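Chemist: I am attaching a structure below and will ask some questions about it afterwards.
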Amino acid sequence: MNNMNNENLTNINLVSACGLYCGACGIYIATQENDTDKILHYAMVLNQSYDDTLCDGCSSNRKSEHCSKLCNFIDCKQKKEVNFCTDCNEFPCQALQEFKSKMPHRGEIIDSLNRMKEIGIEKWITEMKDYFSCSQCNTVNSAYHVACRKCGYKPSCKFVSLHKEAIEQYLSK
């Protein structure tokens, strides 16, 4: 983490142990933009309070209750005294493989972790922000925004372009 600028020091909260980029999470986006309606929607879907839904990213002190209570990787990394799953001797473990397979936005986590290890956290954060940003207006979108949430451009980002079919199938359930 040497030579990280101030913006990326703040954005370190967007780096999860499992390889997800929190900046592309709808709950994170809604929290940062103070979007009360979206936060209330997520709270209802997740059956938790408004305050328990708020999130500043996996590595922050304020995580959505949904993630903080259900995430095995937060406890695992603390127990094994590692920062990321790639630092573990069991990488990629069965738990990570199963987690990866359950939802479209998790499909690239192992590759993402390997990329983070290869290029470093600062460059990974920059790559992830670009990967989830609209090519037309540069707005960061979640993995489930098929159209850009600001300008409506389709696909909303490169991730959606690559995984559109799986995302649409998941959203139709």
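Labeling convention for the structure tokens: chains A, B, ... as they appear, residues from 1 per chain, ligands from 1 in order of appearance.
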Would you mind writing down, as a PyMOL selection string, each residue of chain A that DSSP on the backbone assigns to alpha helix (DSSP H)?
Modeler: chain A and resi 6-11+26-32+36-46+50-53+65-70+72-80+94-102+109-119+121-131+158-171
Chemist: Would you list the contacts of A:Asp75 as an MDAnalysis selection string, taking every protein, DNA or RNA residue within 12 Å and counting only C-alpha atoms, but skipping same-chain residues closer than 5 positions in sequence?
Modeler: chainID A and resid 17:18 58 67:70 80:85
Chemist: Quick one: residues within 12 Å of A:Cys157, only C-alpha atoms, excluding same-chain residues fewer than 4 positions away - as JSON, numbers by chain?
Modeler: {"A": [24, 128, 129, 130, 131, 132, 133, 134, 135, 136, 137, 138, 139, 140, 141, 142, 143, 144, 145, 146, 147, 148, 149, 150, 151, 152, 153, 161, 162, 163, 164]}
Chemist: Would you give me, as a list in words, the residues in chain A that DSSP reads as strand (DSSP E or B)?
Modeler: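 Everything in chain A that counts as strand (DSSP E or B) is Val15, Tyr21, Ser133 and Val140 of chain A.
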Chemist: Which residues are near A:Thr126? Cut-off 12 Å, only C-alpha atoms, ignore same chain within fewer than 2 positions. Put them as a ChimeraX atom specification.
Modeler: /A:4-5,7-8,11-12,14-15,21,23,116,119-124,128-133,140
Chemist: Just to be explicit: take each residue in the selection above, keep C-alpha atoms, and write the result as a CSV table (one decimal), in the first residue's frame.
Modeler:
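In the end it all went to again_22.csv:
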```csv
chain,number,residue,atom,x,y,z
A,4,MET,CA,-1.1,5.5,-2.3
A,5,ASN,CA,-2.7,9.0,-2.8
A,7,GLU,CA,-8.3,9.5,-2.7
A,8,ASN,CA,-7.2,5.8,-2.8
A,11,ASN,CA,-11.1,4.1,-1.2
A,12,ILE,CA,-9.3,1.3,0.5
A,14,LEU,CA,-13.9,-0.5,-1.3
A,15,VAL,CA,-11.5,-3.5,-1.2
A,21,TYR,CA,-15.2,-4.2,-5.5
A,23,GLY,CA,-17.8,0.6,-5.2
A,116,MET,CA,-5.1,-7.3,-7.2
A,119,ILE,CA,-0.9,-5.1,-9.8
A,120,GLY,CA,-1.4,-3.9,-6.3
A,121,ILE,CA,-4.4,-2.4,-4.5
A,122,GLU,CA,-4.1,1.2,-5.8
A,123,LYS,CA,-4.1,0.1,-9.5
A,124,TRP,CA,-6.8,-2.5,-8.8
A,128,MET,CA,-12.4,-1.6,-10.9
A,129,LYS,CA,-13.7,1.9,-11.0
A,130,ASP,CA,-13.2,2.0,-14.7
A,131,TYR,CA,-14.6,-1.5,-15.2
A,132,PHE,CA,-17.9,-0.5,-13.5
A,133,SER,CA,-18.1,3.0,-15.0
A,140,VAL,CA,-20.0,4.1,-11.5
```
Chemist: What is the distance between atom CA of A:Ser16 and atom CA of A:Ser59, in Å to one decimal?
Modeler: 6.3 Å
Chemist: Would you compute the distance between atom CA of A:Glu90 and atom CA of A:Met103? Give it in Å to one decimal.
Modeler: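 Taking atom CA of A:Glu90 as the start and atom CA of A:Met103 as the end point, the length is 22.2 Å.
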Chemist: Could you give me, as a list in words, the residues within 7 Å of stretch 31-42 of chain A, counting only C-alpha atoms and dropping anything in the same chain fewer than 3 positions from it?
Modeler: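 Once the nearby chain positions are removed, what remains is Ile27, Tyr28, Val45, Leu46, Tyr50, Thr53, Leu54 and Cys55 of chain A.
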Chemist: Can you tell me how far atom CA of A:Asn13 sits from atom CA of A:Ile29, in Å to one decimal?
Modeler: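 Computing it gives 12.9 Å between the two atoms.
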